[in-house]
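Trainee: Here's a structure for you.
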Amino acid sequence: MWISPSTKTDAFELDEIYWYVGKRKGHENGVNTYIMTMLSREPRQIVAFAVDNTVNAARIQEMVDGTVQAEKYYTDGGQSYLGVDFIGRHSRNTRDKSDTHNIEGSNADLRHYIAGLRRKSRCFFRKTETLIAVLRIFIYAYNKFGAAKLEYRLRHPGSGRDFHFILIPNRDCDNHPSVVYYDG
């Protein structure tokens with residue numbers, strides 16, 4: 001798996017998405033499948049993934065051991081993460097998605113761009129090997145795009161999506177300030 005040399009190892013996020021392989025959900029012989037992913041925050045790249053029929057600590061441990069070590073790992077409240085020996089600090093957030101919002105967005109990208117992972121889709125993967133092959137190709141392109149995006153932002157500072165807003169007192173609208181876009 002290609003990972004940018006400029007990938008920072010200060011923080012990785014881990015999460016999983018649920019899907020099935022074989023027949024459609026609710027039919028005989030459909031196999032529940034989990035795609036577990038690990039994401040670097042900067043640049044936003046998937047540094048490891050695993051596909052298994054359950055979310056288990058052994059597969060997550062293989063992901064953690066099989067890539068560069070991070071200083072801190074962020075996960076949601078999944079019980080499987082408790083059995084993983086993280087080299088860096090582990091932050092398990094059971095309250096909300098504030099620590100794992102990047103990986104949640106990345107998993108949404110997987111569902112959006114790979115037709116076989118979309119909800120209510122007529123497409124599905126018949127074999128786990130096909131799913132893994134598609135994920136490898138997608139993650140290669142996704143990581144290249146993330147690295148190119150970071151390189152562009154570093155070369156062209158100030159060309160990002162910086163919006164400047166000013167609050168202007170407005171006495172005509174029940175004393176609520178108006179928000180005005182200012183490009184400056």
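Ordering of the structure tokens sets the chain letters (A, B, ...), residue numbers begin anew at 1 in every chain, and ligands are numbered from 1 in the order given.
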For the contact check between segment 46-145 of chain A and segment 6-22 of chain A, emit one row per residue of segment 46-145 of chain A within 9 Å, containing the shortest atom pair and the distance in Å rounded to one decimal, counting only C-alpha atoms, chain then rising number order, as a Markdown table.
Mentor:
```
| residue | atom | partner | partner_atom | distance |
| --- | --- | --- | --- | --- |
| A:Val47 | CA | A:Phe12 | CA | 8.6 |
| A:Asn53 | CA | A:Tyr20 | CA | 8.7 |
| A:Val55 | CA | A:Glu16 | CA | 7.8 |
| A:Ile60 | CA | A:Leu14 | CA | 8.9 |
| A:Val68 | CA | A:Thr9 | CA | 7.4 |
| A:Gln69 | CA | A:Thr9 | CA | 6.8 |
| A:Ala70 | CA | A:Thr9 | CA | 4.6 |
| A:Glu71 | CA | A:Asp10 | CA | 4.8 |
| A:Lys72 | CA | A:Ala11 | CA | 4.9 |
| A:Tyr73 | CA | A:Phe12 | CA | 5.0 |
| A:Tyr74 | CA | A:Glu13 | CA | 4.7 |
| A:Thr75 | CA | A:Leu14 | CA | 5.2 |
| A:Asp76 | CA | A:Asp15 | CA | 7.0 |
| A:Gly78 | CA | A:Asp15 | CA | 8.6 |
| A:Asp99 | CA | A:Glu13 | CA | 7.8 |
| A:Thr100 | CA | A:Glu13 | CA | 5.9 |
| A:His101 | CA | A:Glu13 | CA | 8.7 |
| A:Asn102 | CA | A:Glu13 | CA | 7.5 |
| A:Ile103 | CA | A:Glu13 | CA | 6.0 |
| A:Glu104 | CA | A:Asp15 | CA | 7.3 |
| A:Asn107 | CA | A:Ile17 | CA | 7.0 |
| A:Leu117 | CA | A:Trp19 | CA | 6.9 |
| A:Arg119 | CA | A:Trp19 | CA | 8.9 |
| A:Phe124 | CA | A:Val21 | CA | 6.8 |
| A:Phe125 | CA | A:Val21 | CA | 5.3 |
| A:Arg126 | CA | A:Gly22 | CA | 4.2 |
| A:Lys127 | CA | A:Val21 | CA | 6.1 |
| A:Thr128 | CA | A:Val21 | CA | 6.4 |
| A:Leu131 | CA | A:Val21 | CA | 8.2 |
```
Trainee: Any chance you can output those residues with N, CA and C atoms as an mmCIF file, in the first residue's frame?
Mentor:
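Printed below is out_22.cif as written:
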```
data_model
loop_
_atom_site.group_PDB
_atom_site.id
_atom_site.type_symbol
_atom_site.label_atom_id
_atom_site.label_comp_id
_atom_site.auth_asym_id
_atom_site.auth_seq_id
_atom_site.Cartn_x
_atom_site.Cartn_y
_atom_site.Cartn_z
ATOM 1 N N VAL A 47 -3.759 4.333 6.079
ATOM 2 C CA VAL A 47 -2.439 3.712 6.254
ATOM 3 C C VAL A 47 -2.533 2.201 6.434
ATOM 4 N N ASN A 53 -14.808 -11.181 8.973
ATOM 5 C CA ASN A 53 -16.223 -11.430 9.263
ATOM 6 C C ASN A 53 -16.653 -10.891 10.619
ATOM 7 N N VAL A 55 -15.347 -7.911 13.912
ATOM 8 C CA VAL A 55 -14.389 -6.911 14.371
ATOM 9 C C VAL A 55 -13.710 -7.518 15.580
ATOM 10 N N ILE A 60 -7.248 -6.177 14.299
ATOM 11 C CA ILE A 60 -6.871 -4.784 14.528
ATOM 12 C C ILE A 60 -5.407 -4.711 14.946
ATOM 13 N N VAL A 68 3.503 1.936 10.209
ATOM 14 C CA VAL A 68 4.310 2.788 11.086
ATOM 15 C C VAL A 68 3.546 3.067 12.374
ATOM 16 N N GLN A 69 4.269 3.239 13.456
ATOM 17 C CA GLN A 69 3.639 3.468 14.756
ATOM 18 C C GLN A 69 3.299 4.938 14.935
ATOM 19 N N ALA A 70 2.138 5.189 15.507
ATOM 20 C CA ALA A 70 1.692 6.555 15.768
ATOM 21 C C ALA A 70 1.919 6.902 17.234
ATOM 22 N N GLU A 71 1.947 8.188 17.511
ATOM 23 C CA GLU A 71 2.068 8.631 18.895
ATOM 24 C C GLU A 71 0.756 8.465 19.643
ATOM 25 N N LYS A 72 -0.376 8.649 18.922
ATOM 26 C CA LYS A 72 -1.676 8.546 19.563
ATOM 27 C C LYS A 72 -2.671 7.909 18.596
ATOM 28 N N TYR A 73 -3.526 7.041 19.118
ATOM 29 C CA TYR A 73 -4.557 6.366 18.339
ATOM 30 C C TYR A 73 -5.923 6.777 18.881
ATOM 31 N N TYR A 74 -6.822 7.135 17.979
ATOM 32 C CA TYR A 74 -8.173 7.530 18.365
ATOM 33 C C TYR A 74 -9.164 6.498 17.832
ATOM 34 N N THR A 75 -10.053 6.030 18.696
ATOM 35 C CA THR A 75 -11.074 5.060 18.292
ATOM 36 C C THR A 75 -12.416 5.462 18.885
ATOM 37 N N ASP A 76 -13.476 4.813 18.376
ATOM 38 C CA ASP A 76 -14.792 5.012 18.961
ATOM 39 C C ASP A 76 -14.957 4.048 20.136
ATOM 40 N N GLY A 78 -15.975 1.049 20.423
ATOM 41 C CA GLY A 78 -16.010 -0.384 20.149
ATOM 42 C C GLY A 78 -15.233 -1.196 21.177
ATOM 43 N N ASP A 99 -13.387 12.700 18.039
ATOM 44 C CA ASP A 99 -12.009 12.246 17.837
ATOM 45 C C ASP A 99 -11.837 11.421 16.570
ATOM 46 N N THR A 100 -12.932 10.947 15.995
ATOM 47 C CA THR A 100 -12.843 10.069 14.827
ATOM 48 C C THR A 100 -13.586 10.627 13.619
ATOM 49 N N HIS A 101 -13.768 11.933 13.561
ATOM 50 C CA HIS A 101 -14.530 12.502 12.443
ATOM 51 C C HIS A 101 -13.822 12.353 11.096
ATOM 52 N N ASN A 102 -12.499 12.336 11.081
ATOM 53 C CA ASN A 102 -11.781 12.156 9.812
ATOM 54 C C ASN A 102 -11.983 10.753 9.239
ATOM 55 N N ILE A 103 -11.869 9.735 10.085
ATOM 56 C CA ILE A 103 -12.047 8.361 9.603
ATOM 57 C C ILE A 103 -13.499 8.113 9.222
ATOM 58 N N GLU A 104 -14.441 8.750 9.921
ATOM 59 C CA GLU A 104 -15.854 8.619 9.547
ATOM 60 C C GLU A 104 -16.066 9.196 8.145
ATOM 61 N N ASN A 107 -14.556 6.749 5.637
ATOM 62 C CA ASN A 107 -15.444 5.608 5.419
ATOM 63 C C ASN A 107 -16.651 6.011 4.577
ATOM 64 N N LEU A 117 -20.257 -0.942 -1.970
ATOM 65 C CA LEU A 117 -20.379 -0.629 -0.542
ATOM 66 C C LEU A 117 -21.525 0.334 -0.244
ATOM 67 N N ARG A 119 -25.176 1.800 0.401
ATOM 68 C CA ARG A 119 -26.414 1.285 0.988
ATOM 69 C C ARG A 119 -27.512 1.330 -0.059
ATOM 70 N N PHE A 124 -23.108 -5.597 -5.259
ATOM 71 C CA PHE A 124 -22.474 -6.168 -4.074
ATOM 72 C C PHE A 124 -21.353 -7.086 -4.532
ATOM 73 N N PHE A 125 -20.439 -7.369 -3.623
ATOM 74 C CA PHE A 125 -19.301 -8.218 -3.941
ATOM 75 C C PHE A 125 -19.653 -9.670 -3.666
ATOM 76 N N ARG A 126 -19.327 -10.530 -4.618
ATOM 77 C CA ARG A 126 -19.629 -11.942 -4.457
ATOM 78 C C ARG A 126 -18.525 -12.668 -3.678
ATOM 79 N N LYS A 127 -17.307 -12.114 -3.707
ATOM 80 C CA LYS A 127 -16.185 -12.741 -3.018
ATOM 81 C C LYS A 127 -15.413 -11.696 -2.221
ATOM 82 N N THR A 128 -14.875 -12.122 -1.104
ATOM 83 C CA THR A 128 -14.058 -11.243 -0.270
ATOM 84 C C THR A 128 -12.805 -10.807 -1.017
ATOM 85 N N LEU A 131 -13.532 -7.756 -3.083
ATOM 86 C CA LEU A 131 -13.634 -6.578 -2.224
ATOM 87 C C LEU A 131 -12.249 -6.063 -1.842
#
```
Trainee: If we count only C-alpha atoms and set the cut-off at 9 Å, which residues sit around Leu110 of chain A, ignoring sequence neighbours fewer than 4 positions away in its own chain? Please answer as an mmCIF file with N, CA and C atoms, in the first residue's frame.
Mentor:
```
data_model
loop_
_atom_site.group_PDB
_atom_site.id
_atom_site.type_symbol
_atom_site.label_atom_id
_atom_site.label_comp_id
_atom_site.auth_asym_id
_atom_site.auth_seq_id
_atom_site.Cartn_x
_atom_site.Cartn_y
_atom_site.Cartn_z
ATOM 1 N N GLY A 105 -15.422 10.321 7.856
ATOM 2 C CA GLY A 105 -15.512 10.908 6.514
ATOM 3 C C GLY A 105 -14.855 10.031 5.471
ATOM 4 N N SER A 106 -13.734 9.423 5.820
ATOM 5 C CA SER A 106 -13.046 8.520 4.903
ATOM 6 C C SER A 106 -13.902 7.289 4.601
ATOM 7 N N ILE A 114 -17.222 3.552 -3.996
ATOM 8 C CA ILE A 114 -17.208 2.132 -4.361
ATOM 9 C C ILE A 114 -18.659 1.646 -4.367
ATOM 10 N N ALA A 115 -19.162 1.356 -5.560
ATOM 11 C CA ALA A 115 -20.577 1.020 -5.722
ATOM 12 C C ALA A 115 -20.999 -0.185 -4.886
ATOM 13 N N LEU A 117 -20.257 -0.942 -1.970
ATOM 14 C CA LEU A 117 -20.379 -0.629 -0.542
ATOM 15 C C LEU A 117 -21.525 0.334 -0.244
ATOM 16 N N ARG A 118 -22.214 0.793 -1.287
ATOM 17 C CA ARG A 118 -23.315 1.738 -1.071
ATOM 18 C C ARG A 118 -24.500 1.050 -0.437
ATOM 19 N N LEU A 135 -10.611 -2.454 -2.830
ATOM 20 C CA LEU A 135 -10.134 -1.565 -1.767
ATOM 21 C C LEU A 135 -8.685 -1.164 -1.975
ATOM 22 N N PHE A 138 -8.586 1.448 -4.790
ATOM 23 C CA PHE A 138 -9.173 2.702 -4.341
ATOM 24 C C PHE A 138 -8.245 3.414 -3.349
ATOM 25 N N ILE A 139 -7.709 2.686 -2.386
ATOM 26 C CA ILE A 139 -6.862 3.294 -1.359
ATOM 27 C C ILE A 139 -5.575 3.853 -1.976
#
```
Trainee: So that I can check the secondary structure, give me every residue of segment 14-171 of chain A assigned strand (DSSP E or B) by backbone DSSP, as a PyMOL selection string.
Mentor: chain A and resi 14-21+31-40+45-52+72-75+89-92+164-168
Trainee: Got time to write the residues from that selection, N, CA and C atoms, as a tab-separated table (two decimals), in the first residue's frame?
Mentor:
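Here's the written file part.tsv:
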```
chain	number	residue	atom	x	y	z
A	14	LEU	N	-8.93	5.00	13.99
A	14	LEU	CA	-9.38	3.67	13.57
A	14	LEU	C	-10.90	3.58	13.66
A	15	ASP	N	-11.49	2.90	12.69
A	15	ASP	CA	-12.93	2.68	12.68
A	15	ASP	C	-13.23	1.52	11.75
A	16	GLU	N	-14.48	1.10	11.73
A	16	GLU	CA	-14.89	-0.01	10.87
A	16	GLU	C	-16.25	0.31	10.24
A	17	ILE	N	-16.48	-0.29	9.08
A	17	ILE	CA	-17.81	-0.22	8.46
A	17	ILE	C	-18.29	-1.64	8.22
A	18	TYR	N	-19.58	-1.79	8.29
A	18	TYR	CA	-20.22	-3.11	8.17
A	18	TYR	C	-20.78	-3.25	6.76
A	19	TRP	N	-20.62	-4.43	6.20
A	19	TRP	CA	-21.22	-4.75	4.91
A	19	TRP	C	-21.36	-6.25	4.81
A	20	TYR	N	-21.64	-6.76	3.67
A	20	TYR	CA	-21.79	-8.19	3.48
A	20	TYR	C	-21.19	-8.58	2.13
A	21	VAL	N	-20.83	-9.83	2.02
A	21	VAL	CA	-20.28	-10.38	0.79
A	21	VAL	C	-21.10	-11.61	0.46
A	31	VAL	N	-22.69	-13.26	3.89
A	31	VAL	CA	-21.68	-13.28	4.93
A	31	VAL	C	-21.47	-11.85	5.42
A	32	ASN	N	-21.66	-11.63	6.72
A	32	ASN	CA	-21.39	-10.31	7.29
A	32	ASN	C	-19.90	-10.01	7.17
A	33	THR	N	-19.58	-8.80	6.76
A	33	THR	CA	-18.20	-8.42	6.53
A	33	THR	C	-17.94	-7.06	7.14
A	34	TYR	N	-16.79	-6.92	7.78
A	34	TYR	CA	-16.38	-5.64	8.34
A	34	TYR	C	-15.11	-5.19	7.66
A	35	ILE	N	-15.07	-3.92	7.29
A	35	ILE	CA	-13.87	-3.31	6.74
A	35	ILE	C	-13.33	-2.39	7.82
A	36	MET	N	-12.17	-2.72	8.36
A	36	MET	CA	-11.55	-1.92	9.41
A	36	MET	C	-10.46	-1.07	8.77
A	37	THR	N	-10.48	0.22	9.04
A	37	THR	CA	-9.53	1.13	8.41
A	37	THR	C	-8.79	1.94	9.48
A	38	MET	N	-7.56	2.34	9.13
A	38	MET	CA	-6.75	3.20	9.99
A	38	MET	C	-6.28	4.37	9.13
A	39	LEU	N	-6.49	5.59	9.61
A	39	LEU	CA	-6.26	6.80	8.82
A	39	LEU	C	-5.27	7.72	9.52
A	40	SER	N	-4.36	8.31	8.75
A	40	SER	CA	-3.50	9.37	9.29
A	40	SER	C	-4.24	10.69	9.10
A	45	GLN	N	-4.76	10.06	4.77
A	45	GLN	CA	-4.48	8.85	4.01
A	45	GLN	C	-4.82	7.61	4.83
A	46	ILE	N	-5.30	6.60	4.14
A	46	ILE	CA	-5.57	5.32	4.79
A	46	ILE	C	-4.24	4.58	4.87
A	47	VAL	N	-3.76	4.33	6.08
A	47	VAL	CA	-2.44	3.71	6.25
A	47	VAL	C	-2.53	2.20	6.43
A	48	ALA	N	-3.73	1.68	6.74
A	48	ALA	CA	-3.91	0.24	6.87
A	48	ALA	C	-5.39	-0.08	6.79
A	49	PHE	N	-5.69	-1.29	6.33
A	49	PHE	CA	-7.07	-1.76	6.33
A	49	PHE	C	-7.08	-3.27	6.47
A	50	ALA	N	-8.20	-3.79	6.93
A	50	ALA	CA	-8.37	-5.23	7.06
A	50	ALA	C	-9.83	-5.56	6.78
A	51	VAL	N	-10.08	-6.73	6.23
A	51	VAL	CA	-11.44	-7.21	5.96
A	51	VAL	C	-11.60	-8.53	6.69
A	52	ASP	N	-12.67	-8.64	7.50
A	52	ASP	CA	-12.90	-9.85	8.27
A	52	ASP	C	-14.41	-9.99	8.53
A	72	LYS	N	-0.38	8.65	18.92
A	72	LYS	CA	-1.68	8.55	19.56
A	72	LYS	C	-2.67	7.91	18.60
A	73	TYR	N	-3.53	7.04	19.12
A	73	TYR	CA	-4.56	6.37	18.34
A	73	TYR	C	-5.92	6.78	18.88
A	74	TYR	N	-6.82	7.13	17.98
A	74	TYR	CA	-8.17	7.53	18.36
A	74	TYR	C	-9.16	6.50	17.83
A	75	THR	N	-10.05	6.03	18.70
A	75	THR	CA	-11.07	5.06	18.29
A	75	THR	C	-12.42	5.46	18.89
A	89	ARG	N	-0.25	6.22	22.75
A	89	ARG	CA	-1.41	6.41	23.62
A	89	ARG	C	-2.68	6.08	22.87
A	90	HIS	N	-3.66	5.54	23.56
A	90	HIS	CA	-4.95	5.18	22.97
A	90	HIS	C	-6.04	6.03	23.60
A	91	SER	N	-6.80	6.73	22.77
A	91	SER	CA	-7.92	7.53	23.25
A	91	SER	C	-9.20	6.91	22.71
A	92	ARG	N	-10.00	6.35	23.61
A	92	ARG	CA	-11.26	5.69	23.23
A	92	ARG	C	-12.40	6.61	23.61
A	164	HIS	N	-13.70	34.56	5.28
A	164	HIS	CA	-13.67	35.56	6.33
A	164	HIS	C	-15.07	36.12	6.50
A	165	PHE	N	-15.54	36.13	7.72
A	165	PHE	CA	-16.86	36.65	8.02
A	165	PHE	C	-16.75	37.78	9.02
A	166	ILE	N	-17.62	38.76	8.86
A	166	ILE	CA	-17.64	39.90	9.77
A	166	ILE	C	-19.06	40.02	10.31
A	167	LEU	N	-19.17	40.27	11.61
A	167	LEU	CA	-20.47	40.53	12.22
A	167	LEU	C	-20.70	42.03	12.20
A	168	ILE	N	-21.79	42.45	11.57
A	168	ILE	CA	-22.13	43.87	11.49
A	168	ILE	C	-23.40	44.10	12.30
```
Trainee: If you run DSSP over the backbone, which residues in segment 65-156 of chain A end up helix (DSSP H, G or I)? Put them as a PyMOL selection string.
Mentor: chain A and resi 65+79-83+101-113+115-117+128-155
Trainee: Go ahead and save the picked residues with C-alpha atoms, as a PDB file, in the first residue's frame.
Mentor:
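Listing of part-v3.pdb after writing:
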```
ATOM      1  CA  ASP A  65       1.685  -3.771  13.982  1.00  0.00           C
ATOM      2  CA  GLN A  79     -15.198  -3.149  22.629  1.00  0.00           C
ATOM      3  CA  SER A  80     -12.667  -4.776  20.281  1.00  0.00           C
ATOM      4  CA  TYR A  81     -10.224  -1.903  20.689  1.00  0.00           C
ATOM      5  CA  LEU A  82      -9.794  -2.731  24.382  1.00  0.00           C
ATOM      6  CA  GLY A  83      -7.901  -5.923  23.479  1.00  0.00           C
ATOM      7  CA  HIS A 101     -14.530  12.502  12.443  1.00  0.00           C
ATOM      8  CA  ASN A 102     -11.781  12.156   9.812  1.00  0.00           C
ATOM      9  CA  ILE A 103     -12.047   8.361   9.603  1.00  0.00           C
ATOM     10  CA  GLU A 104     -15.854   8.619   9.547  1.00  0.00           C
ATOM     11  CA  GLY A 105     -15.512  10.908   6.514  1.00  0.00           C
ATOM     12  CA  SER A 106     -13.046   8.520   4.903  1.00  0.00           C
ATOM     13  CA  ASN A 107     -15.444   5.608   5.419  1.00  0.00           C
ATOM     14  CA  ALA A 108     -18.196   7.732   3.874  1.00  0.00           C
ATOM     15  CA  ASP A 109     -15.882   8.217   0.868  1.00  0.00           C
ATOM     16  CA  LEU A 110     -15.493   4.422   0.613  1.00  0.00           C
ATOM     17  CA  ARG A 111     -19.273   4.012   0.553  1.00  0.00           C
ATOM     18  CA  HIS A 112     -19.696   6.876  -1.928  1.00  0.00           C
ATOM     19  CA  TYR A 113     -17.048   5.941  -4.483  1.00  0.00           C
ATOM     20  CA  ALA A 115     -20.577   1.020  -5.722  1.00  0.00           C
ATOM     21  CA  GLY A 116     -20.471  -2.345  -3.958  1.00  0.00           C
ATOM     22  CA  LEU A 117     -20.379  -0.629  -0.542  1.00  0.00           C
ATOM     23  CA  THR A 128     -14.058 -11.243  -0.270  1.00  0.00           C
ATOM     24  CA  GLU A 129     -11.025 -11.353  -2.594  1.00  0.00           C
ATOM     25  CA  THR A 130     -12.804  -9.004  -5.024  1.00  0.00           C
ATOM     26  CA  LEU A 131     -13.634  -6.578  -2.224  1.00  0.00           C
ATOM     27  CA  ILE A 132     -10.001  -6.551  -1.055  1.00  0.00           C
ATOM     28  CA  ALA A 133      -8.713  -5.966  -4.613  1.00  0.00           C
ATOM     29  CA  VAL A 134     -11.112  -3.052  -5.147  1.00  0.00           C
ATOM     30  CA  LEU A 135     -10.134  -1.565  -1.767  1.00  0.00           C
ATOM     31  CA  ARG A 136      -6.417  -1.782  -2.623  1.00  0.00           C
ATOM     32  CA  ILE A 137      -6.922   0.073  -5.915  1.00  0.00           C
ATOM     33  CA  PHE A 138      -9.173   2.702  -4.341  1.00  0.00           C
ATOM     34  CA  ILE A 139      -6.862   3.294  -1.359  1.00  0.00           C
ATOM     35  CA  TYR A 140      -3.851   3.707  -3.672  1.00  0.00           C
ATOM     36  CA  ALA A 141      -5.668   6.468  -5.605  1.00  0.00           C
ATOM     37  CA  TYR A 142      -7.135   7.979  -2.411  1.00  0.00           C
ATOM     38  CA  ASN A 143      -3.698   8.237  -0.789  1.00  0.00           C
ATOM     39  CA  LYS A 144      -2.108   9.729  -3.926  1.00  0.00           C
ATOM     40  CA  PHE A 145      -4.893  12.333  -4.035  1.00  0.00           C
ATOM     41  CA  GLY A 146      -4.436  13.162  -0.336  1.00  0.00           C
ATOM     42  CA  ALA A 147      -0.687  13.666  -0.832  1.00  0.00           C
ATOM     43  CA  ALA A 148      -1.222  15.839  -3.930  1.00  0.00           C
ATOM     44  CA  LYS A 149      -3.783  17.953  -2.080  1.00  0.00           C
ATOM     45  CA  LEU A 150      -1.375  18.535   0.821  1.00  0.00           C
ATOM     46  CA  GLU A 151       1.477  19.381  -1.565  1.00  0.00           C
ATOM     47  CA  TYR A 152      -0.715  21.917  -3.391  1.00  0.00           C
ATOM     48  CA  ARG A 153      -1.719  23.576  -0.103  1.00  0.00           C
ATOM     49  CA  LEU A 154       1.924  23.806   0.961  1.00  0.00           C
ATOM     50  CA  ARG A 155       2.978  25.334  -2.380  1.00  0.00           C
TER      51      ARG A 155
END
```
